[in-house]
$ cat coords-v6.cif   # mmCIF, C-alpha atoms and all ligand atoms
data_entry
#
loop_
_atom_site.label_atom_id
_atom_site.label_comp_id
_atom_site.auth_asym_id
_atom_site.auth_seq_id
_atom_site.Cartn_x
_atom_site.Cartn_y
_atom_site.Cartn_z
CA MET A 8 63.53 60.80 200.90
CA THR A 9 63.34 59.79 204.54
CA PRO A 10 63.56 62.51 207.25
CA ILE A 11 67.05 61.32 208.15
CA GLU A 12 68.16 61.58 204.55
CA SER A 13 66.80 65.09 204.12
CA MET A 14 68.36 66.04 207.43
CA ASN A 15 71.70 64.74 206.23
CA LYS A 16 71.35 66.75 203.06
CA ILE A 17 70.62 69.98 204.88
CA ARG A 18 73.35 69.24 207.36
CA SER A 19 76.00 68.72 204.73
CA ARG A 20 75.05 71.85 202.84
CA GLU A 21 75.21 74.01 205.94
CA ASP A 22 78.51 72.45 206.99
CA GLU A 23 80.00 73.82 203.80
CA VAL A 24 79.12 77.41 204.50
CA THR A 25 79.13 77.92 208.28
CA PRO A 26 81.50 76.67 210.97
CA PRO A 27 79.37 74.92 213.64
CA HIS A 28 80.08 77.33 216.51
CA LEU A 29 78.85 80.27 214.41
CA TYR A 30 76.01 78.15 213.11
CA PHE A 31 74.79 77.40 216.65
CA ASN A 32 74.78 81.09 217.55
CA ARG A 33 72.94 82.03 214.41
CA ARG A 34 70.42 79.27 214.95
CA ALA A 35 69.98 80.17 218.61
CA ILE A 36 69.11 83.74 217.64
CA MET A 37 66.77 82.57 214.92
CA ARG A 38 65.10 80.07 217.22
CA ALA A 39 64.19 82.85 219.67
CA GLY A 40 61.56 84.14 217.32
CA ALA A 41 61.17 81.15 215.10
CA VAL A 42 58.32 79.03 213.94
CA ALA A 43 58.84 75.38 214.89
CA ALA A 44 58.80 72.33 212.62
CA THR A 45 60.67 73.75 209.65
CA ALA A 46 63.34 71.46 208.30
CA ALA A 47 66.00 73.91 209.41
CA THR A 48 64.76 73.92 213.00
CA THR A 49 64.67 70.15 213.07
CA THR A 50 68.25 70.14 211.82
CA ALA A 51 69.34 72.60 214.49
CA ALA A 52 67.75 70.46 217.19
CA TYR A 53 69.36 67.35 215.75
CA ARG A 54 72.74 69.02 215.77
CA TRP A 55 72.26 70.31 219.29
CA PHE A 56 71.47 66.90 220.76
CA ASN A 57 73.85 64.80 218.68
CA PRO A 58 77.44 65.35 219.88
CA LYS A 59 79.07 63.61 216.89
CA ILE A 60 78.32 66.59 214.67
CA ASP A 61 80.50 68.83 216.86
CA ILE A 62 83.51 67.27 215.15
CA VAL A 63 85.08 69.64 212.64
CA ASN A 64 88.31 69.32 210.71
CA GLU A 65 90.09 72.58 211.47
CA ALA A 66 93.24 71.58 209.56
CA LYS A 67 94.76 73.84 206.92
CA PRO A 68 93.70 73.59 203.29
CA ILE A 69 95.90 71.51 200.98
CA ALA A 70 97.94 74.12 199.11
CA ASN A 71 97.91 74.06 195.31
CA LEU A 72 95.26 71.31 195.11
CA LYS A 73 94.51 70.35 191.52
CA GLN A 74 90.81 69.85 190.79
CA GLN A 75 90.01 67.18 188.23
CA ASP A 76 88.98 68.33 184.80
CA GLU A 77 85.38 67.26 184.18
CA SER A 78 85.46 67.80 180.44
CA GLU A 79 83.80 64.97 178.52
CA GLY A 80 83.64 62.84 181.64
CA THR A 81 87.23 61.69 181.18
CA GLU A 82 87.83 61.61 184.89
CA GLN A 83 84.77 59.44 185.40
CA ILE A 84 86.13 56.98 182.87
CA ARG A 85 89.48 56.95 184.63
CA GLY A 86 87.64 56.42 187.92
CA TRP A 87 89.03 59.61 189.43
CA GLN A 88 85.61 60.92 190.30
CA THR A 89 81.99 59.78 190.51
CA ASP A 90 78.48 61.16 190.10
CA GLU A 91 77.45 59.52 193.37
CA GLU A 92 76.75 61.87 196.22
CA LYS A 93 79.73 62.54 198.45
CA THR A 94 79.44 61.40 202.06
CA PRO A 95 79.20 64.51 204.28
CA GLU A 96 82.54 65.51 205.79
CA SER A 97 81.06 65.31 209.30
CA ASP A 98 80.34 61.59 208.77
CA ILE A 99 83.74 60.82 207.22
CA ILE A 100 85.56 62.34 210.20
CA SER A 101 83.37 60.91 212.96
CA TYR A 102 82.95 57.23 211.94
CA ASN A 103 86.37 55.61 211.66
CA ASN A 104 88.36 52.43 211.97
CA PHE A 105 91.74 53.17 213.53
CA TYR A 106 92.57 50.54 216.15
CA GLU A 107 95.73 52.41 217.26
CA PHE A 108 93.34 54.75 219.10
CA THR A 109 90.19 52.76 219.90
CA THR A 110 88.05 50.03 218.36
CA ASP A 111 84.95 52.20 218.92
CA LYS A 112 84.33 53.85 215.53
CA ARG A 113 82.44 56.80 216.97
CA ARG A 114 85.16 57.60 219.51
CA VAL A 115 88.27 57.52 217.30
CA ALA A 116 88.04 61.23 216.53
CA ALA A 117 87.91 62.20 220.20
CA VAL A 118 90.70 59.83 221.30
CA ALA A 119 92.97 60.84 218.38
CA ARG A 120 92.23 64.56 218.59
CA ASP A 121 95.62 65.67 219.93
CA PHE A 122 97.75 63.27 217.86
CA GLN A 123 100.89 65.25 216.94
CA THR A 124 102.22 64.82 213.41
CA ASP A 125 104.58 67.82 213.15
CA GLY A 126 107.86 66.95 211.45
CA TRP A 127 106.46 63.64 210.13
CA GLN A 128 108.78 61.67 207.87
CA ILE A 129 108.17 58.75 205.60
CA THR A 130 111.08 56.51 204.57
CA ILE A 131 111.10 54.47 201.36
CA ASP A 132 113.72 51.75 201.30
CA GLY A 133 114.39 48.11 200.42
CA LEU A 134 114.86 47.06 196.79
CA VAL A 135 115.21 50.57 195.34
CA GLU A 136 117.99 52.42 193.57
CA LYS A 137 117.63 55.54 195.74
CA PRO A 138 116.26 54.98 199.26
CA GLN A 139 115.02 58.26 200.64
CA THR A 140 113.15 59.94 203.49
CA PHE A 141 110.44 62.47 202.65
CA THR A 142 108.40 65.08 204.48
CA VAL A 143 104.77 65.56 203.45
CA ASP A 144 105.76 68.85 201.77
CA GLN A 145 108.38 67.01 199.74
CA ILE A 146 105.77 64.46 198.66
CA HIS A 147 103.60 67.36 197.48
CA SER A 148 106.51 68.91 195.60
CA ILE A 149 107.18 65.69 193.65
CA SER A 150 103.65 65.64 192.27
CA GLN A 151 100.95 68.31 192.58
CA PRO A 152 98.28 67.09 195.03
CA GLU A 153 95.05 66.14 193.24
CA GLU A 154 91.47 65.62 194.29
CA ARG A 155 90.15 62.06 193.79
CA ILE A 156 86.56 61.23 194.64
CA TYR A 157 86.53 57.51 195.43
CA ARG A 158 84.07 54.99 196.81
CA MET A 159 85.38 53.39 200.02
CA ARG A 160 84.05 49.94 200.94
CA CYS A 161 84.90 48.55 204.38
CA VAL A 162 85.02 44.76 204.71
CA GLU A 163 82.35 45.20 207.43
CA ALA A 164 79.90 46.11 204.61
CA TRP A 165 79.54 49.86 205.08
CA SER A 166 80.73 52.38 202.50
CA MET A 167 81.33 56.07 201.84
CA VAL A 168 82.21 58.36 198.93
CA ILE A 169 85.25 60.40 199.91
CA PRO A 170 86.92 63.35 198.18
CA TRP A 171 90.57 62.62 198.94
CA ALA A 172 93.53 64.84 198.24
CA GLY A 173 96.81 63.16 197.50
CA VAL A 174 99.56 62.08 195.18
CA PRO A 175 99.62 58.86 193.11
CA LEU A 176 101.97 56.45 194.88
CA GLY A 177 103.49 55.52 191.50
CA ARG A 178 104.90 59.06 191.15
CA ILE A 179 106.80 58.67 194.41
CA LEU A 180 108.02 55.18 193.51
CA ASP A 181 109.42 56.63 190.26
CA VAL A 182 111.66 58.87 192.36
CA VAL A 183 113.18 56.05 194.45
CA GLN A 184 113.43 53.78 191.39
CA PRO A 185 112.45 50.18 192.24
CA LEU A 186 115.07 47.57 191.30
CA PRO A 187 114.08 44.86 188.79
CA THR A 188 113.96 42.38 191.69
CA ALA A 189 111.26 44.40 193.53
CA LYS A 190 107.86 42.70 193.24
CA PHE A 191 105.98 43.77 196.39
CA VAL A 192 105.57 46.88 198.54
CA ALA A 193 105.23 46.76 202.35
CA PHE A 194 103.73 49.61 204.39
CA GLU A 195 104.06 50.34 208.10
CA THR A 196 102.15 52.61 210.49
CA LEU A 197 103.90 54.57 213.26
CA LEU A 198 104.70 52.53 216.38
CA ASP A 199 104.39 54.80 219.43
CA PRO A 200 102.09 53.62 222.24
CA GLU A 201 102.44 56.99 224.01
CA ARG A 202 100.89 58.78 221.04
CA MET A 203 98.67 55.88 219.97
CA PRO A 204 97.11 54.50 223.16
CA GLY A 205 95.43 51.57 221.39
CA GLN A 206 98.93 50.15 220.89
CA LYS A 207 99.03 49.49 224.65
CA THR A 208 96.40 46.79 224.00
CA ASN A 209 96.89 43.62 221.96
CA VAL A 210 93.83 43.80 219.67
CA LEU A 211 96.35 43.60 216.78
CA ASP A 212 100.11 43.03 216.47
CA TRP A 213 101.74 46.46 216.24
CA PRO A 214 102.74 48.22 214.13
CA TYR A 215 99.86 47.84 211.65
CA VAL A 216 101.35 46.56 208.39
CA GLU A 217 99.96 46.25 204.87
CA GLY A 218 101.18 45.31 201.43
CA LEU A 219 100.55 45.43 197.71
CA ARG A 220 102.05 43.90 194.62
CA LEU A 221 104.30 46.45 192.91
CA ASP A 222 101.97 46.69 189.90
CA GLU A 223 99.00 47.40 192.21
CA ALA A 224 101.04 50.03 194.06
CA SER A 225 101.99 51.70 190.76
CA HIS A 226 98.42 51.70 189.38
CA PRO A 227 97.26 55.28 188.69
CA LEU A 228 94.25 54.88 191.03
CA THR A 229 96.47 54.09 194.04
CA LEU A 230 96.82 57.22 196.12
CA LEU A 231 99.00 58.40 198.98
CA ALA A 232 96.36 60.61 200.56
CA THR A 233 97.25 63.67 202.62
CA GLY A 234 93.83 65.32 202.79
CA LEU A 235 90.07 65.07 202.42
CA TYR A 236 87.48 67.69 201.49
CA GLY A 237 90.42 69.91 200.47
CA LYS A 238 91.96 70.01 203.96
CA GLN A 239 94.83 68.11 205.56
CA LEU A 240 93.80 64.73 206.97
CA PRO A 241 92.49 64.86 210.52
CA PRO A 242 94.17 62.33 212.88
CA GLN A 243 91.21 59.91 212.80
CA ASP A 244 91.52 59.47 209.02
CA GLY A 245 95.24 58.69 209.09
CA ALA A 246 97.14 61.98 209.39
CA PRO A 247 99.37 63.04 207.89
CA ILE A 248 99.63 60.43 205.12
CA ARG A 249 97.72 57.20 204.39
CA LEU A 250 97.12 54.79 201.56
CA VAL A 251 93.92 54.64 199.47
CA ILE A 252 93.28 51.75 197.05
CA PRO A 253 89.65 52.24 195.99
CA TRP A 254 89.06 48.76 194.55
CA LYS A 255 90.14 46.95 197.73
CA TYR A 256 88.50 46.62 201.14
CA GLY A 257 89.18 49.58 203.41
CA PHE A 258 91.58 47.75 205.72
CA LYS A 259 94.22 47.79 202.95
CA GLY A 260 94.24 51.61 203.27
CA ILE A 261 96.86 51.77 206.00
CA LYS A 262 96.97 55.02 208.00
CA SER A 263 99.72 57.27 209.40
CA ILE A 264 102.48 55.62 207.35
CA VAL A 265 106.15 56.00 208.37
CA ARG A 266 107.81 53.41 206.14
CA ILE A 267 107.40 51.87 202.70
CA THR A 268 109.73 48.98 201.81
CA LEU A 269 110.12 47.30 198.42
CA LEU A 270 110.56 43.52 198.59
CA ASP A 271 110.92 40.47 196.37
CA LYS A 272 108.28 38.49 198.32
CA GLU A 273 104.76 39.01 199.64
CA PRO A 274 104.87 40.85 202.98
CA PRO A 275 102.70 39.91 205.98
CA THR A 276 99.58 42.04 206.55
CA SER A 277 97.91 42.83 209.88
CA TRP A 278 94.40 41.48 209.26
CA ASN A 279 95.64 38.38 207.45
CA ARG A 280 97.90 37.62 210.42
CA TYR A 281 95.01 38.15 212.80
CA ALA A 282 92.52 35.90 210.97
CA PRO A 283 93.97 34.25 207.84
CA ALA A 284 90.69 32.49 207.05
CA GLU A 285 88.82 35.81 206.97
CA TYR A 286 91.18 38.39 205.44
CA GLY A 287 93.42 37.78 202.44
CA PHE A 288 96.41 39.62 201.02
CA TYR A 289 94.54 40.76 197.91
CA ALA A 290 91.24 41.78 199.56
CA ASN A 291 89.73 43.01 196.29
CA VAL A 292 86.10 44.03 196.74
CA ASN A 293 84.06 41.11 195.40
CA PRO A 294 80.30 40.79 195.99
CA GLN A 295 80.47 37.08 195.08
CA VAL A 296 82.91 36.06 197.77
CA ASP A 297 81.30 36.29 201.18
CA HIS A 298 83.15 36.89 204.39
CA PRO A 299 82.91 33.64 206.41
CA ARG A 300 80.60 35.42 208.86
CA TRP A 301 78.54 37.72 206.60
CA SER A 302 77.53 38.41 203.00
CA GLN A 303 79.48 40.87 200.87
CA ALA A 304 76.71 41.16 198.26
CA THR A 305 75.34 44.45 199.58
CA GLU A 306 76.53 47.39 201.64
CA GLN A 307 75.25 50.22 203.81
CA ARG A 308 76.24 53.58 202.34
CA ILE A 309 76.66 55.87 205.35
CA GLY A 310 73.86 58.48 205.27
CA GLU A 311 71.53 56.34 203.13
CA SER A 312 68.60 54.30 204.43
CA GLY A 313 68.47 51.20 202.20
CA ARG A 314 71.31 48.90 201.21
CA ARG A 315 72.97 49.04 197.80
CA LYS A 316 74.55 46.31 195.74
CA THR A 317 78.28 45.97 196.14
CA LEU A 318 80.11 46.30 192.82
CA MET A 319 82.91 44.04 191.54
CA PHE A 320 86.23 45.70 192.36
CA ASN A 321 84.07 48.35 194.06
CA GLY A 322 83.09 49.70 190.63
CA TYR A 323 86.67 49.97 189.32
CA GLU A 324 86.62 46.73 187.32
CA GLU A 325 87.31 48.46 184.03
CA GLN A 326 90.42 50.11 185.42
CA VAL A 327 91.93 47.21 187.41
CA ALA A 328 90.61 43.82 186.24
CA SER A 329 93.63 43.35 183.95
CA LEU A 330 95.91 43.26 187.01
CA TYR A 331 94.32 39.93 187.98
CA GLU A 332 94.08 38.18 184.63
CA GLY A 333 94.50 34.44 185.02
CA MET A 334 93.92 34.52 188.77
CA ASP A 335 90.98 32.72 190.36
CA LEU A 336 89.17 35.69 191.89
CA ASN A 337 87.18 33.44 194.18
CA GLN A 338 90.39 32.19 195.73
CA PHE A 339 92.41 35.38 196.05
CA PHE A 340 90.17 37.14 198.51
N1 LIG A 401 96.96 51.92 210.87
C1 LIG A 401 95.68 51.59 210.62
N2 LIG A 401 95.18 51.76 209.39
C2 LIG A 401 93.88 51.44 209.12
C3 LIG A 401 93.06 50.89 210.13
C4 LIG A 401 93.61 50.72 211.44
O1 LIG A 401 92.95 50.25 212.39
N3 LIG A 401 94.91 51.09 211.64
N4 LIG A 401 91.75 50.52 209.82
C5 LIG A 401 91.47 50.23 208.40
C6 LIG A 401 90.04 50.02 208.10
S1 LIG A 401 89.36 48.55 208.59
C7 LIG A 401 89.32 50.91 207.36
S2 LIG A 401 87.74 50.57 206.85
C8 LIG A 401 89.89 52.23 206.98
C9 LIG A 401 88.97 53.33 207.52
O2 LIG A 401 89.38 54.59 207.07
P1 LIG A 401 88.58 55.90 207.52
O3 LIG A 401 88.40 55.85 209.01
O4 LIG A 401 89.41 57.08 207.10
O5 LIG A 401 87.24 55.86 206.81
O6 LIG A 401 91.19 52.44 207.51
C10 LIG A 401 92.03 51.30 207.47
N5 LIG A 401 93.39 51.65 207.87
MO MO A 402 87.46 48.32 207.34
#

$ encode --input "coords-v6.cif" --output "structure tokens"
Amino acid sequence: MTPIESMNKIRSREDEVTPPHLYFNRRAIMRAGAVAATAATTTAAYRWFNPKIDIVNEAKPIANLKQQDESEGTEQIRGWQTDEEKTPESDIISYNNFYEFTTDKRRVAAVARDFQTDGWQITIDGLVEKPQTFTVDQIHSISQPEERIYRMRCVEAWSMVIPWAGVPLGRILDVVQPLPTAKFVAFETLLDPERMPGQKTNVLDWPYVEGLRLDEASHPLTLLATGLYGKQLPPQDGAPIRLVIPWKYGFKGIKSIVRITLLDKEPPTSWNRYAPAEYGFYANVNPQVDHPRWSQATEQRIGESGRRKTLMFNGYEEQVASLYEGMDLNQFF
């Protein structure tokens, strides 16, 4: 283990038990009479000088969160959890892509800190029997929120393991009842440049939009996430509700969703519009299909030192490959 790795380990363990402000006080007292060069002292110094670790998610716990049943590894087989080490919460909430706030990954949390999501509503309309508008509480009452520990692979070749909390999107679609003509699902982020200052720039066309085929959207792995590490999503991770599709590149996981519309044709998607030669509609993780400007064969797991091999469908091949039978996977990037 490298020093950084062991530091990360200690850091994540202590994050679980002590809020940072208390931790600093306790450490300060200990340091007064302490012997230097212990791992704990190194960690305290690291924390002291590295501002990113001041970021804490102070949101409320997700009420009534269902933990997965680990008996006989069933949940592993379903892909709902993994043996791989979870990325520390402090990393998940301080290294983000959310262009509505800033394109600087390490500053999203600070810029988004005061993003107000009270009274948030999400409308589902289009080709459905019963169009409807939901609050996050109503989403939770349709299906008990569950914990899902998924790998997350960004198209930029970094990855994390994130314990999400959320509700399978398919359960919500069952309530609105897609019409037989519905084949695709379009998603839209909030458009409000006053609350999302990045929308005053033209790095992307706003609002951010994404899409799935209806069968992808209804797949049991596809999650409408409302939390991580058992607490409500912090703004930087897409509060109060975002999409998670673990076998696709991270940009498909659209954040802060206000509208979901069922359609009979493929909807436009933000990154495909921006650079059609670089980002496709499907965007399934595929180590054999390189991005035009870099390889997708390996990835940097945040908190690890070496690189690891990227897995086909991000390791969910068994669960999702049948969705793409007969398609040329090298073409549908
Ligand atoms: N609305 C919106 N959703 C978004 C993005 C964005 O810029 N805006 N970035 C995407 C990208 S590229 C990634 S990798 C993931 C990052 O999610 P995380 O910050 O919670 O890890 O969010 C995705 N969803
Ligand atoms: Mo990404």

$ closest_atom_pairs --input "coords-v6.cif" --of "chain A" --to "ligand MO 402 (chain A)" --cutoff "10 Å" --atoms "only C-alpha atoms and all ligand atoms" --output "JSON lines"
{"residue": "A:Asn103", "atom": "CA", "partner": "A:MO402", "partner_atom": "MO", "distance": 8.5}
{"residue": "A:Asn104", "atom": "CA", "partner": "A:MO402", "partner_atom": "MO", "distance": 6.3}
{"residue": "A:Phe105", "atom": "CA", "partner": "A:MO402", "partner_atom": "MO", "distance": 9.0}
{"residue": "A:Met159", "atom": "CA", "partner": "A:MO402", "partner_atom": "MO", "distance": 9.1}
{"residue": "A:Arg160", "atom": "CA", "partner": "A:MO402", "partner_atom": "MO", "distance": 7.4}
{"residue": "A:Cys161", "atom": "CA", "partner": "A:MO402", "partner_atom": "MO", "distance": 3.9}
{"residue": "A:Val162", "atom": "CA", "partner": "A:MO402", "partner_atom": "MO", "distance": 5.1}
{"residue": "A:Glu163", "atom": "CA", "partner": "A:MO402", "partner_atom": "MO", "distance": 6.0}
{"residue": "A:Ala164", "atom": "CA", "partner": "A:MO402", "partner_atom": "MO", "distance": 8.3}
{"residue": "A:Trp165", "atom": "CA", "partner": "A:MO402", "partner_atom": "MO", "distance": 8.4}
{"residue": "A:Ser166", "atom": "CA", "partner": "A:MO402", "partner_atom": "MO", "distance": 9.2}
{"residue": "A:Tyr256", "atom": "CA", "partner": "A:MO402", "partner_atom": "MO", "distance": 6.5}
{"residue": "A:Gly257", "atom": "CA", "partner": "A:MO402", "partner_atom": "MO", "distance": 4.5}
{"residue": "A:Phe258", "atom": "CA", "partner": "A:MO402", "partner_atom": "MO", "distance": 4.5}
{"residue": "A:Lys259", "atom": "CA", "partner": "A:MO402", "partner_atom": "MO", "distance": 8.1}
{"residue": "A:Gly260", "atom": "CA", "partner": "A:MO402", "partner_atom": "MO", "distance": 8.6}
{"residue": "A:Trp278", "atom": "CA", "partner": "A:MO402", "partner_atom": "MO", "distance": 9.9}

$ residues_around --input "coords-v6.cif" --residues "Glu92 in chain A" --least-positions-apart "2" --cutoff "8 Å" --atoms "all atoms listed in the file" --output "PDB file with C-alpha atoms, in the coordinates of the input"
ATOM      1  CA  ASP A  90      78.480  61.160 190.100  1.00  0.00           C
ATOM      2  CA  THR A  94      79.440  61.400 202.060  1.00  0.00           C
ATOM      3  CA  VAL A 168      82.210  58.360 198.930  1.00  0.00           C
TER       4      VAL A 168
END

$ atom_distance --input "coords-v6.cif" --atom1 "CA of Asp181 in chain A" --atom2 "CA of Ala232 in chain A"
17.1 Å

$ closest_residue --input "coords-v6.cif" --among "A:Val210, A:Ile309, A:Thr268, A:Gly126" --to "Ser97 in chain A" --atoms "all atoms listed in the file"
A:Ile309

$ closest_residue --input "coords-v6.cif" --among "A:Thr305, A:Glu311, A:Arg155, A:Gly245" --to "Glu77 in chain A" --atoms "all atoms listed in the file"
A:Arg155

$ closest_residue --input "coords-v6.cif" --among "A:Gln139, A:Gln74, A:Gln338, A:Ser101" --to "Tyr286 in chain A" --atoms "all atoms listed in the file"
A:Gln338

$ closest_atom_pairs --input "coords-v6.cif" --of "range 43-159 of chain A" --to "range 216-226 of chain A" --cutoff "12 Å" --atoms "only C-alpha atoms" --output "JSON lines"
{"residue": "A:Arg85", "atom": "CA", "partner": "A:His226", "partner_atom": "CA", "distance": 11.4}
{"residue": "A:Gly86", "atom": "CA", "partner": "A:His226", "partner_atom": "CA", "distance": 11.9}
{"residue": "A:Leu134", "atom": "CA", "partner": "A:Leu221", "partner_atom": "CA", "distance": 11.3}
{"residue": "A:Val135", "atom": "CA", "partner": "A:Leu221", "partner_atom": "CA", "distance": 11.9}

$ closest_residue --input "coords-v6.cif" --among "A:Met167, A:Ile146, A:Leu228, A:Leu186" --to "ligand LIG 401 (chain A)" --atoms "only C-alpha atoms and all ligand atoms"
A:Met167

$ residues_around --input "coords-v6.cif" --residues "Ile156 in chain A" --least-positions-apart "2" --cutoff "10 Å" --atoms "all atoms listed in the file" --output "PyMOL selection string"
chain A and resi 75+82-83+86-93+153-154+158-159+168-172+235-236+253

$ axis_aligned_box --input "coords-v6.cif" --around "ligand LIG 401 (chain A)" --padding-each-side "3 Å" --output "lines of an AutoDock Vina configuration file"
center_x = 92.1
center_y = 52.8
center_z = 209.6
size_x = 15.7
size_y = 14.5
size_z = 11.6

$ closest_residue --input "coords-v6.cif" --among "A:Asp111, A:Asp212, A:Pro294, A:Pro152" --to "Ala282 in chain A" --atoms "all atoms listed in the file"
A:Asp212

$ atom_distance --input "coords-v6.cif" --atom1 "CA of Glu107 in chain A" --atom2 "atom C2 of ligand LIG 401 (chain A)"
8.4 Å

$ closest_residue --input "coords-v6.cif" --among "A:Pro200, A:Gly237, A:Pro242, A:Pro187" --to "ligand LIG 401 (chain A)" --atoms "all atoms listed in the file"
A:Pro242

$ residues_near_point --input "coords-v6.cif" --point "(101.9, 38.0, 202.9)" --cutoff "10 Å" --atoms "all atoms listed in the file" --output "PyMOL selection string"
chain A and resi 191+193+217-219+272-277+279-280+287-289

$ atom_distance --input "coords-v6.cif" --atom1 "CA of Tyr102 in chain A" --atom2 "CA of Leu72 in chain A"
25.2 Å

$ residues_around --input "coords-v6.cif" --residues "range 142-145 of chain A" --least-positions-apart "4" --cutoff "9 Å" --atoms "all atoms listed in the file" --output "PDB file with C-alpha atoms, in the coordinates of the input"
ATOM      1  CA  GLY A 126     107.860  66.950 211.450  1.00  0.00           C
ATOM      2  CA  TRP A 127     106.460  63.640 210.130  1.00  0.00           C
ATOM      3  CA  GLN A 128     108.780  61.670 207.870  1.00  0.00           C
ATOM      4  CA  ILE A 129     108.170  58.750 205.600  1.00  0.00           C
ATOM      5  CA  THR A 130     111.080  56.510 204.570  1.00  0.00           C
ATOM      6  CA  ILE A 149     107.180  65.690 193.650  1.00  0.00           C
ATOM      7  CA  SER A 150     103.650  65.640 192.270  1.00  0.00           C
ATOM      8  CA  THR A 233      97.250  63.670 202.620  1.00  0.00           C
ATOM      9  CA  PRO A 247      99.370  63.040 207.890  1.00  0.00           C
ATOM     10  CA  ILE A 248      99.630  60.430 205.120  1.00  0.00           C
TER      11      ILE A 248
END

$ decode --input "coords-v6.cif" --residues "range 180-194 of chain A" --atoms "N, CA and C atoms" --output "compact mmCIF listing (two decimals), in the first residue's frame"
# COMPACT_ATOMS: atom_id res chain seq x y z
N LEU A 180 -42.07 4.25 -13.66
CA LEU A 180 -42.70 4.17 -14.99
C LEU A 180 -43.97 3.32 -14.93
N ASP A 181 -43.96 2.28 -14.10
CA ASP A 181 -45.17 1.44 -13.94
C ASP A 181 -46.37 2.28 -13.50
N VAL A 182 -46.11 3.29 -12.69
CA VAL A 182 -47.20 4.12 -12.16
C VAL A 182 -47.82 5.00 -13.25
N VAL A 183 -46.97 5.56 -14.14
CA VAL A 183 -47.51 6.44 -15.19
C VAL A 183 -47.99 5.65 -16.41
N GLN A 184 -47.60 4.39 -16.50
CA GLN A 184 -48.07 3.47 -17.54
C GLN A 184 -47.74 3.92 -18.97
N PRO A 185 -46.55 3.59 -19.44
CA PRO A 185 -46.17 3.93 -20.83
C PRO A 185 -47.17 3.35 -21.82
N LEU A 186 -47.49 4.12 -22.87
CA LEU A 186 -48.34 3.62 -23.95
C LEU A 186 -47.53 2.67 -24.83
N PRO A 187 -48.22 1.79 -25.58
CA PRO A 187 -47.49 0.86 -26.46
C PRO A 187 -46.59 1.56 -27.47
N THR A 188 -46.91 2.80 -27.81
CA THR A 188 -46.11 3.55 -28.78
C THR A 188 -44.82 4.11 -28.18
N ALA A 189 -44.70 4.12 -26.85
CA ALA A 189 -43.51 4.69 -26.20
C ALA A 189 -42.32 3.75 -26.40
N LYS A 190 -41.22 4.29 -26.92
CA LYS A 190 -40.02 3.47 -27.16
C LYS A 190 -38.78 4.07 -26.50
N PHE A 191 -38.82 5.37 -26.21
CA PHE A 191 -37.66 6.06 -25.64
C PHE A 191 -38.09 6.93 -24.46
N VAL A 192 -37.10 7.29 -23.61
CA VAL A 192 -37.36 8.14 -22.46
C VAL A 192 -36.37 9.30 -22.48
N ALA A 193 -36.89 10.53 -22.43
CA ALA A 193 -36.03 11.72 -22.41
C ALA A 193 -36.02 12.32 -21.01
N PHE A 194 -34.86 12.82 -20.61
CA PHE A 194 -34.68 13.39 -19.26
C PHE A 194 -34.17 14.82 -19.40
